[in-house]
>>> print(open('run-v7.txt').read())   # compact mmCIF, C-alpha atoms and all ligand atoms
# COMPACT_ATOMS: atom_id res chain seq x y z
CA MET A 1 -25.15 1.48 26.91
CA SER A 2 -24.45 -2.15 27.50
CA PHE A 3 -21.13 -3.52 28.67
CA GLN A 4 -21.82 -6.65 26.59
CA ASN A 5 -21.91 -5.09 23.15
CA PRO A 6 -18.80 -4.20 21.24
CA VAL A 7 -18.35 -0.52 20.41
CA PHE A 8 -18.27 0.74 16.83
CA ILE A 9 -16.70 4.10 17.54
CA PRO A 10 -13.35 4.83 15.92
CA GLY A 11 -11.61 4.75 19.27
CA PRO A 12 -11.42 3.93 22.05
CA THR A 13 -11.71 0.44 20.62
CA ASN A 14 -12.71 -2.90 22.12
CA ILE A 15 -10.17 -4.22 24.60
CA PRO A 16 -9.32 -7.92 24.37
CA GLU A 17 -9.45 -9.81 27.65
CA ARG A 18 -5.74 -10.54 27.40
CA LEU A 19 -4.93 -6.83 27.33
CA ARG A 20 -7.31 -5.94 30.15
CA LYS A 21 -5.49 -8.50 32.27
CA ALA A 22 -2.08 -7.20 31.22
CA CYS A 23 -3.01 -3.67 32.31
CA ASP A 24 -4.20 -4.91 35.69
CA MET A 25 -1.04 -5.58 37.63
CA PRO A 26 0.35 -5.09 41.10
CA THR A 27 2.45 -2.04 41.88
CA ILE A 28 6.11 -2.39 41.06
CA ASP A 29 8.99 0.01 41.61
CA HIS A 30 8.83 2.21 38.52
CA ARG A 31 12.50 3.12 38.88
CA SER A 32 13.92 -0.35 38.76
CA PRO A 33 15.23 -2.92 36.30
CA LEU A 34 11.89 -4.71 36.70
CA PHE A 35 10.18 -1.71 35.12
CA GLY A 36 12.83 -1.73 32.41
CA GLN A 37 11.66 -5.25 31.53
CA ILE A 38 8.30 -3.77 30.61
CA LEU A 39 9.42 -0.44 29.17
CA HIS A 40 12.14 -1.51 26.77
CA PRO A 41 10.28 -4.40 25.13
CA ALA A 42 7.22 -2.17 24.76
CA ARG A 43 9.33 0.45 22.94
CA GLU A 44 10.91 -2.24 20.79
CA GLY A 45 7.44 -3.59 19.95
CA VAL A 46 6.22 -0.15 18.92
CA ARG A 47 9.31 0.32 16.74
CA LYS A 48 8.44 -2.88 14.88
CA VAL A 49 4.79 -1.89 14.51
CA LEU A 50 5.99 1.39 12.96
CA LYS A 51 8.19 -0.61 10.58
CA SER A 52 11.32 1.14 11.73
CA ASP A 53 14.78 -0.11 12.56
CA SER A 54 15.99 2.94 14.35
CA ALA A 55 13.18 5.31 15.41
CA GLU A 56 13.49 6.57 18.99
CA ILE A 57 10.26 5.64 20.71
CA PHE A 58 8.89 7.95 23.42
CA ILE A 59 5.73 7.06 25.29
CA PHE A 60 3.95 9.57 27.50
CA PRO A 61 1.07 9.26 29.96
CA SER A 62 -1.28 11.22 27.68
CA THR A 63 -3.32 10.70 24.51
CA GLY A 64 -2.81 11.25 20.80
CA THR A 65 -3.24 14.99 21.33
CA GLY A 66 -0.24 14.95 23.66
CA GLY A 67 1.65 13.17 20.88
CA TRP A 68 0.93 16.11 18.56
CA GLU A 69 2.31 18.46 21.20
CA THR A 70 5.37 16.26 21.65
CA ALA A 71 6.13 16.54 17.93
CA LEU A 72 5.67 20.31 17.79
CA THR A 73 7.35 21.43 20.99
CA ASN A 74 10.42 19.21 20.68
CA CYS A 75 11.27 20.06 17.08
CA LEU A 76 10.11 23.64 16.46
CA SER A 77 10.58 27.19 17.69
CA ALA A 78 8.14 30.09 18.03
CA GLY A 79 7.53 31.77 14.70
CA ASP A 80 8.46 28.71 12.63
CA THR A 81 6.21 27.97 9.68
CA VAL A 82 4.53 24.61 9.19
CA LEU A 83 2.60 23.39 6.17
CA ALA A 84 -0.67 21.57 6.76
CA ALA A 85 -3.85 20.66 4.92
CA ARG A 86 -7.23 20.99 6.59
CA ASN A 87 -9.45 18.13 5.40
CA GLY A 88 -11.26 17.16 8.59
CA MET A 89 -11.62 17.72 12.32
CA PHE A 90 -8.35 16.09 13.36
CA SER A 91 -6.14 17.93 10.91
CA GLN A 92 -8.00 21.09 12.02
CA ARG A 93 -7.24 20.44 15.69
CA TRP A 94 -3.53 19.92 15.01
CA ILE A 95 -3.46 23.18 13.05
CA ASP A 96 -5.18 24.93 15.95
CA MET A 97 -2.57 23.52 18.33
CA CYS A 98 0.22 24.89 16.11
CA GLN A 99 -1.34 28.33 16.13
CA ARG A 100 -1.74 28.31 19.90
CA HIS A 101 1.96 27.50 20.17
CA GLY A 102 2.88 30.58 18.15
CA LEU A 103 3.67 28.74 14.93
CA GLU A 104 2.75 30.13 11.53
CA VAL A 105 0.61 27.65 9.66
CA GLU A 106 0.39 27.66 5.90
CA VAL A 107 -2.99 25.96 5.55
CA VAL A 108 -4.05 24.23 2.36
CA GLU A 109 -7.84 24.19 2.49
CA THR A 110 -8.95 20.80 1.24
CA PRO A 111 -12.55 19.66 0.88
CA TRP A 112 -13.61 17.24 3.59
CA GLY A 113 -13.78 13.78 2.08
CA HIS A 114 -10.60 14.40 0.06
CA GLY A 115 -7.06 13.31 0.87
CA LEU A 116 -3.94 15.35 1.51
CA PRO A 117 -3.03 17.26 -1.65
CA ALA A 118 0.56 16.09 -2.17
CA ASP A 119 0.78 18.01 -5.47
CA ARG A 120 -0.09 21.29 -3.72
CA TYR A 121 2.44 20.46 -1.02
CA GLU A 122 5.05 20.00 -3.73
CA GLU A 123 4.24 23.36 -5.36
CA ILE A 124 4.39 25.19 -2.05
CA LEU A 125 7.59 23.46 -0.96
CA THR A 126 9.23 24.11 -4.32
CA ALA A 127 8.35 27.80 -4.07
CA ASP A 128 9.78 27.97 -0.53
CA THR A 129 13.35 28.37 -1.67
CA GLY A 130 14.33 30.07 1.61
CA HIS A 131 13.17 26.99 3.58
CA ARG A 132 10.88 29.00 5.80
CA ILE A 133 8.74 25.88 6.26
CA LYS A 134 10.21 23.74 9.03
CA ALA A 135 7.68 20.94 9.15
CA VAL A 136 4.94 19.36 7.06
CA LEU A 137 1.99 17.93 8.96
CA ALA A 138 0.15 14.95 7.55
CA THR A 139 -2.89 13.25 9.02
CA HIS A 140 -2.54 9.72 7.67
CA ASN A 141 -6.11 8.73 8.42
CA GLU A 142 -8.65 11.55 8.90
CA THR A 143 -10.93 9.89 11.43
CA ALA A 144 -13.67 12.50 10.95
CA THR A 145 -14.20 11.69 7.28
CA GLY A 146 -12.84 8.15 6.94
CA VAL A 147 -10.14 9.29 4.53
CA LYS A 148 -6.74 7.65 4.24
CA SER A 149 -4.03 9.79 2.67
CA ASP A 150 -0.94 8.74 0.77
CA ILE A 151 2.03 9.49 3.03
CA ALA A 152 4.52 8.11 0.50
CA ALA A 153 3.25 10.79 -1.91
CA VAL A 154 3.85 13.50 0.71
CA ARG A 155 7.40 12.22 1.12
CA ARG A 156 7.85 12.29 -2.67
CA ALA A 157 6.62 15.90 -2.68
CA LEU A 158 9.26 16.87 -0.11
CA ASP A 159 11.97 15.04 -2.05
CA ALA A 160 10.92 16.42 -5.44
CA ALA A 161 11.12 19.92 -3.99
CA GLY A 162 14.48 19.10 -2.41
CA HIS A 163 13.03 20.53 0.79
CA PRO A 164 14.53 19.76 4.23
CA ALA A 165 11.31 20.22 6.27
CA LEU A 166 10.49 17.55 8.82
CA LEU A 167 7.56 15.24 8.12
CA PHE A 168 5.19 14.81 11.10
CA VAL A 169 2.54 12.15 10.63
CA ASP A 170 -0.58 11.72 12.74
CA GLY A 171 -1.12 7.97 12.69
CA VAL A 172 -3.44 7.88 15.68
CA SER A 173 -6.19 6.00 13.82
CA SER A 174 -3.97 4.14 11.36
CA ILE A 175 -0.91 2.83 13.19
CA ALA A 176 -1.33 -0.83 14.20
CA SER A 177 -4.36 -1.19 11.91
CA MET A 178 -3.28 0.05 8.48
CA ASP A 179 0.06 -0.19 6.74
CA PHE A 180 2.46 2.39 8.15
CA ARG A 181 6.08 2.59 7.04
CA PHE A 182 8.11 4.91 9.23
CA ASP A 183 11.47 4.25 7.59
CA GLU A 184 10.36 3.80 4.00
CA TRP A 185 8.23 6.95 4.00
CA GLY A 186 10.94 9.00 5.70
CA VAL A 187 8.65 9.96 8.58
CA ASP A 188 10.34 12.21 11.13
CA VAL A 189 7.79 12.09 13.91
CA ALA A 190 4.94 9.59 14.07
CA VAL A 191 2.11 9.98 16.56
CA ALA A 192 -0.21 7.28 17.90
CA GLY A 193 -2.33 6.67 20.97
CA SER A 194 -3.00 3.57 23.05
CA GLN A 195 -6.77 3.41 22.54
CA LYS A 196 -7.14 2.77 18.81
CA GLY A 197 -5.13 0.21 16.89
CA PHE A 198 -3.28 -0.86 20.04
CA MET A 199 -6.61 -1.95 21.57
CA LEU A 200 -5.78 -0.55 25.02
CA PRO A 201 -7.54 1.87 27.32
CA PRO A 202 -6.79 5.54 26.61
CA GLY A 203 -3.83 7.01 28.43
CA LEU A 204 -0.68 6.78 26.33
CA ALA A 205 0.75 9.08 23.67
CA ILE A 206 3.05 6.91 21.56
CA THR A 207 5.62 8.67 19.38
CA GLY A 208 8.52 7.75 17.13
CA PHE A 209 11.33 10.17 16.26
CA SER A 210 13.77 9.87 13.36
CA ALA A 211 17.46 10.76 13.73
CA LYS A 212 16.72 14.01 11.88
CA ALA A 213 13.92 14.85 14.31
CA MET A 214 16.22 14.06 17.25
CA GLU A 215 18.76 16.47 15.78
CA ALA A 216 16.07 19.16 15.54
CA THR A 217 15.26 18.77 19.24
CA LYS A 218 18.69 20.19 20.06
CA THR A 219 17.91 23.62 18.63
CA ALA A 220 14.11 23.81 19.00
CA THR A 221 13.05 26.37 21.57
CA LEU A 222 9.31 25.98 22.04
CA PRO A 223 8.69 25.55 25.79
CA ARG A 224 8.34 21.93 26.87
CA THR A 225 8.58 20.17 30.19
CA PHE A 226 6.21 17.22 30.52
CA PHE A 227 6.72 16.23 26.87
CA ASP A 228 10.47 16.87 26.71
CA VAL A 229 12.03 13.92 24.89
CA ALA A 230 15.51 14.73 26.23
CA ASP A 231 14.27 14.29 29.81
CA MET A 232 12.48 11.15 28.72
CA ALA A 233 15.60 9.71 27.08
CA LYS A 234 17.56 10.30 30.29
CA GLY A 235 14.87 8.53 32.24
CA TYR A 236 14.83 5.56 29.88
CA ALA A 237 18.57 5.14 30.26
CA ASN A 238 17.87 4.45 33.96
CA ASN A 239 14.82 2.21 33.44
CA ALA A 240 12.61 5.09 34.50
CA TYR A 241 10.58 8.15 33.53
CA PRO A 242 11.20 11.74 34.60
CA TYR A 243 7.94 11.24 36.54
CA THR A 244 5.59 8.37 37.30
CA PRO A 245 4.86 6.21 34.26
CA ALA A 246 1.54 4.48 33.54
CA VAL A 247 3.06 1.09 34.35
CA GLY A 248 -0.06 -1.00 33.76
CA LEU A 249 -0.72 0.58 30.38
CA LEU A 250 2.89 0.04 29.36
CA ASN A 251 2.60 -3.60 30.34
CA GLY A 252 -0.54 -3.70 28.22
CA LEU A 253 1.30 -2.05 25.34
CA ASN A 254 4.03 -4.63 25.48
CA GLU A 255 1.39 -7.35 25.32
CA ALA A 256 -0.53 -5.55 22.55
CA CYS A 257 2.58 -5.35 20.37
CA GLY A 258 3.12 -9.04 21.01
CA MET A 259 -0.43 -9.81 19.84
CA LEU A 260 -0.05 -7.67 16.71
CA LEU A 261 3.32 -9.13 15.81
CA ASP A 262 2.14 -12.69 16.53
CA GLU A 263 -0.84 -12.21 14.23
CA GLY A 264 1.60 -10.64 11.77
CA LEU A 265 1.31 -6.99 10.75
CA GLU A 266 0.31 -7.86 7.19
CA ASN A 267 -2.41 -10.16 8.53
CA VAL A 268 -3.61 -7.39 10.86
CA PHE A 269 -3.83 -4.99 7.92
CA ALA A 270 -5.57 -7.61 5.76
CA ARG A 271 -8.09 -8.27 8.54
CA HIS A 272 -8.88 -4.57 8.81
CA HIS A 273 -9.21 -4.33 5.05
CA ARG A 274 -11.52 -7.32 4.86
CA ILE A 275 -13.76 -6.10 7.68
CA ALA A 276 -13.85 -2.61 6.14
CA GLU A 277 -14.75 -3.99 2.71
CA GLY A 278 -17.70 -5.81 4.27
CA VAL A 279 -18.86 -2.59 5.90
CA ARG A 280 -18.50 -0.77 2.59
CA ALA A 281 -20.50 -3.49 0.82
CA ALA A 282 -23.26 -2.92 3.37
CA VAL A 283 -23.18 0.85 2.86
CA GLY A 284 -23.55 0.31 -0.89
CA ALA A 285 -26.46 -2.09 -0.37
CA TRP A 286 -28.19 0.53 1.79
CA GLY A 287 -27.92 2.95 -1.11
CA LEU A 288 -25.80 5.32 0.99
CA GLU A 289 -22.48 6.94 0.22
CA LEU A 290 -19.23 7.38 2.05
CA CYS A 291 -17.86 10.80 2.87
CA ALA A 292 -14.55 9.70 1.29
CA VAL A 293 -14.90 10.64 -2.36
CA SER A 294 -12.98 7.84 -4.07
CA PRO A 295 -11.95 4.25 -3.37
CA GLU A 296 -8.22 4.87 -2.98
CA LEU A 297 -9.11 7.15 -0.06
CA TYR A 298 -11.32 4.65 1.77
CA SER A 299 -10.11 4.10 5.30
CA ASP A 300 -9.86 0.57 6.61
CA THR A 301 -10.42 1.75 10.19
CA VAL A 302 -13.47 4.02 10.00
CA SER A 303 -16.29 4.67 7.57
CA ALA A 304 -18.09 8.03 7.63
CA ILE A 305 -21.46 7.42 5.99
CA ARG A 306 -23.54 10.21 4.51
CA THR A 307 -27.24 10.13 5.31
CA PRO A 308 -29.93 11.55 3.02
CA GLU A 309 -30.29 15.33 2.72
CA GLY A 310 -32.50 16.77 5.46
CA PHE A 311 -31.94 13.85 7.85
CA ASN A 312 -29.96 14.50 11.02
CA ALA A 313 -27.36 11.72 11.16
CA THR A 314 -26.71 12.32 14.85
CA GLN A 315 -30.11 10.72 15.52
CA ILE A 316 -28.66 7.40 14.41
CA VAL A 317 -25.98 7.55 17.06
CA GLU A 318 -28.40 8.65 19.78
CA HIS A 319 -31.03 6.06 18.92
CA ALA A 320 -28.47 3.23 18.63
CA ALA A 321 -27.25 4.08 22.13
CA SER A 322 -30.64 4.43 23.75
CA ALA A 323 -32.53 1.63 21.98
CA TYR A 324 -29.84 -1.00 21.47
CA GLY A 325 -26.93 -0.08 23.70
CA VAL A 326 -24.55 0.18 20.77
CA ALA A 327 -22.09 3.01 20.13
CA PHE A 328 -21.45 4.51 16.70
CA GLY A 329 -19.57 7.76 16.02
CA THR A 330 -21.22 11.09 15.27
CA GLY A 331 -20.19 13.48 12.53
CA LEU A 332 -17.70 16.13 13.64
CA GLY A 333 -17.25 19.75 12.57
CA GLU A 334 -18.27 20.46 9.01
CA VAL A 335 -19.96 17.07 8.61
CA ALA A 336 -21.81 17.11 11.96
CA GLY A 337 -25.37 15.87 11.36
CA LYS A 338 -24.46 14.81 7.82
CA VAL A 339 -22.59 11.59 8.53
CA PHE A 340 -22.47 8.88 11.14
CA ARG A 341 -19.35 6.81 11.58
CA ILE A 342 -18.75 3.12 12.00
CA GLY A 343 -15.40 2.44 13.61
CA HIS A 344 -13.96 -0.89 12.48
CA LEU A 345 -10.53 -1.06 14.00
CA GLY A 346 -8.71 -2.86 16.72
CA SER A 347 -9.93 -6.08 18.20
CA LEU A 348 -12.69 -6.95 15.76
CA THR A 349 -13.92 -9.98 13.85
CA ASP A 350 -16.23 -10.36 10.86
CA VAL A 351 -18.91 -11.61 13.24
CA MET A 352 -18.65 -8.55 15.45
CA ALA A 353 -18.81 -6.30 12.40
CA LEU A 354 -21.99 -8.06 11.25
CA SER A 355 -23.65 -7.32 14.59
CA GLY A 356 -22.85 -3.64 14.17
CA LEU A 357 -24.24 -3.59 10.64
CA ALA A 358 -27.40 -5.39 11.78
CA THR A 359 -27.83 -2.82 14.54
CA ALA A 360 -27.31 0.09 12.17
CA GLU A 361 -30.06 -1.34 9.96
CA MET A 362 -32.53 -1.61 12.85
CA VAL A 363 -31.72 1.95 13.89
CA MET A 364 -32.14 3.40 10.41
CA ALA A 365 -35.39 1.49 9.87
CA ASP A 366 -36.68 2.73 13.25
CA LEU A 367 -35.90 6.28 12.19
CA GLY A 368 -37.85 5.92 8.94
CA LEU A 369 -34.96 5.71 6.50
CA ASP A 370 -35.59 3.58 3.44
CA ILE A 371 -33.46 0.60 4.52
CA ARG A 372 -34.47 -3.01 4.00
CA LEU A 373 -33.51 -5.07 7.06
CA GLY A 374 -30.79 -7.52 6.20
CA SER A 375 -29.74 -5.84 2.97
CA GLY A 376 -26.42 -4.52 4.21
CA VAL A 377 -25.81 -7.53 6.41
CA ALA A 378 -26.32 -9.85 3.43
CA ALA A 379 -23.89 -7.86 1.31
CA ALA A 380 -21.28 -8.04 4.07
CA GLN A 381 -21.96 -11.75 4.62
CA ASP A 382 -21.39 -12.40 0.93
CA TYR A 383 -18.12 -10.54 1.09
CA TYR A 384 -16.94 -12.26 4.26
CA ARG A 385 -17.88 -15.73 2.97
CA ALA A 386 -16.00 -15.13 -0.25
CA ASN A 387 -12.95 -13.71 1.51
CA ARG A 388 -12.58 -15.93 4.53
CA THR A 389 -9.11 -16.40 5.95
CA PRO A 390 -7.90 -19.29 8.10
CA LEU A 391 -8.85 -18.73 11.72
CA ARG A 392 -5.99 -17.89 13.99
CA ALA A 393 -5.88 -18.48 17.68
CA ALA A 394 -6.50 -15.06 19.16
CA ALA A 395 -7.26 -13.72 22.57
C1 LIG B 401 -8.30 10.04 17.99
C2 LIG B 401 -7.45 10.88 17.12
C3 LIG B 401 -6.67 11.92 17.63
C4 LIG B 401 -6.76 12.40 19.04
O1 LIG B 401 -6.34 11.50 19.93
P1 LIG B 401 -6.72 11.58 21.46
O2 LIG B 401 -6.16 10.32 21.95
O3 LIG B 401 -8.21 11.68 21.54
O4 LIG B 401 -6.06 12.78 22.02
C5 LIG B 401 -5.83 12.58 16.78
N1 LIG B 401 -5.78 12.27 15.47
C6 LIG B 401 -6.53 11.30 14.94
C7 LIG B 401 -6.42 11.03 13.48
C8 LIG B 401 -7.39 10.59 15.74
O5 LIG B 401 -8.16 9.62 15.21
>>> encode(input="run-v7.txt", output="structure tokens")
Amino acid sequence: MSFQNPVFIPGPTNIPERLRKACDMPTIDHRSPLFGQILHPAREGVRKVLKSDSAEIFIFPSTGTGGWETALTNCLSAGDTVLAARNGMFSQRWIDMCQRHGLEVEVVETPWGHGLPADRYEEILTADTGHRIKAVLATHNETATGVKSDIAAVRRALDAAGHPALLFVDGVSSIASMDFRFDEWGVDVAVAGSQKGFMLPPGLAITGFSAKAMEATKTATLPRTFFDVADMAKGYANNAYPYTPAVGLLNGLNEACGMLLDEGLENVFARHHRIAEGVRAAVGAWGLELCAVSPELYSDTVSAIRTPEGFNATQIVEHAASAYGVAFGTGLGEVAGKVFRIGHLGSLTDVMALSGLATAEMVMADLGLDIRLGSGVAAAQDYYRANRTPLRAAA
């Protein structure tokens, strides 16, 4: 690997210089008003990025996976039923976590490459007249397959069924890169991590809780200590954590939210969309197909690209690393060896994306795939030239 090249994995993402500097700070007293000057603005920034006026924001020294656990253990009790669709590796891992916590999971098997089946959710919720189901899990962006699901449709399914279950949304690879509407979609717990759209090093689980979710924490009995939001809320009231916070990362998070809000969330989303469209134009020019089966499912943060039958896609990732010092993502689970992934989220420009596409072409040509050098790059260039936006001062 080279430290010079950007990475094209779907997280951790490239860290802007400004954020590296923000994370690198002297020790301060983490139980003092000075810490509060980092903590509270960071939480306020996250609330805005989630598009919420009133979500309670809890940030743990952890990762997205810890955010999943925060949602489950604070709101649910052993034996509770949750409804979830399995359409990729990340939804699968959250289901597995539920089962290990003694929850019953009603799993809707969904082909990989497809989105969450809101219509099936509605049928199941409508049939659940006894309200056995306490929570619905929704992976907004399935990072394994590059599939974005319609969370508003999941909310409509809950409402149409008149069902009171909580809505937990995994936004680890969507929040801060793709439109996410905590309040409008009636999300009860949202989960993110520091190392994807927030452009920071790994190390923070970032969660938002609705008033309804906060109410559920009062009766939920799953064991929790480290991820207990009640302990955390008490800490926050005293400018502190129940334990030692990741102060540098929180300072970085505060700065990251500032960067995102300065650029403007809609501009951030438009930038991700534009870069993703260029990548998709390249994939089309290569004659390859996405794992996501239809355009409304295409993720603006990651593309999982199918390689020809009989070709081991993992070779692309290995060869890119060893020959060119560039990181792409491998296929996971059911699509291991069948897809490789280009992550296009976080701190990224059109120019950086073009370098990744050019590298992917060299790699595929080296490995004997029928790819004409420059074909995908040209398609992306055409798209970027036609869809240029005014340059903004950015870090
Ligand atoms: C990365 C990711 C996770 C896991 O996050 P970690 O920070 O690796 O624990 C969960 N869900 C989705 C959709 C992801 O992309």
>>> atom_distance(input="run-v7.txt", atom1="CA of His114 in chain A", atom2="CA of Thr307 in chain A")
18.0 Å
>>> residues_around(input="run-v7.txt", residues="range 217-234 of chain A", least_positions_apart="3", cutoff="9 Å", atoms="only C-alpha atoms", output="ChimeraX atom specification")
/A:56,58-60,66-67,69-78,101-102,212-214,237-238,240-243
>>> residues_near_ligand(input="run-v7.txt", ligand="ligand LIG 401 (chain B)", cutoff="10 Å", atoms="only C-alpha atoms and all ligand atoms", output="JSON, numbers by chain")
{"A": [10, 11, 12, 62, 63, 64, 65, 66, 67, 68, 88, 89, 90, 91, 92, 93, 94, 138, 139, 140, 141, 142, 143, 144, 145, 146, 147, 148, 169, 170, 171, 172, 173, 174, 175, 191, 192, 193, 194, 195, 196, 202, 203, 204, 205, 206, 301, 302]}
>>> residues_around(input="run-v7.txt", residues="Ala118 in chain A", least_positions_apart="6", cutoff="7 Å", atoms="only C-alpha atoms", output="list in words")
Ala153, Val154 and Ala157 of chain A
>>> write_last_selection(input="run-v7.txt", atoms="C-alpha atoms", output="PDB file, in the frame of the given file")
ATOM      1  CA  ALA A 153       3.250  10.790  -1.910  1.00  0.00           C
ATOM      2  CA  VAL A 154       3.850  13.500   0.710  1.00  0.00           C
ATOM      3  CA  ALA A 157       6.620  15.900  -2.680  1.00  0.00           C
TER       4      ALA A 157
END
>>> closest_atom_pairs(input="run-v7.txt", of="range 233-278 of chain A", to="range 353-374 of chain A", cutoff="12 Å", atoms="all atoms listed in the file", output="Markdown table")
| residue | atom | partner | partner_atom | distance |
| --- | --- | --- | --- | --- |
| A:Arg271 | CA | A:Ala353 | CA | 11.6 |
| A:His272 | CA | A:Ala353 | CA | 10.7 |
| A:Arg274 | CA | A:Ala353 | CA | 10.5 |
| A:Ile275 | CA | A:Ala353 | CA | 6.9 |
| A:Ala276 | CA | A:Ala353 | CA | 8.8 |
| A:Glu277 | CA | A:Ala353 | CA | 10.8 |
| A:Gly278 | CA | A:Ala353 | CA | 8.2 |
>>> closest_residue(input="run-v7.txt", among="A:Lys21, A:Ala292, A:Val268, A:Asn5", to="Gly115 in chain A", atoms="all atoms listed in the file")
A:Ala292
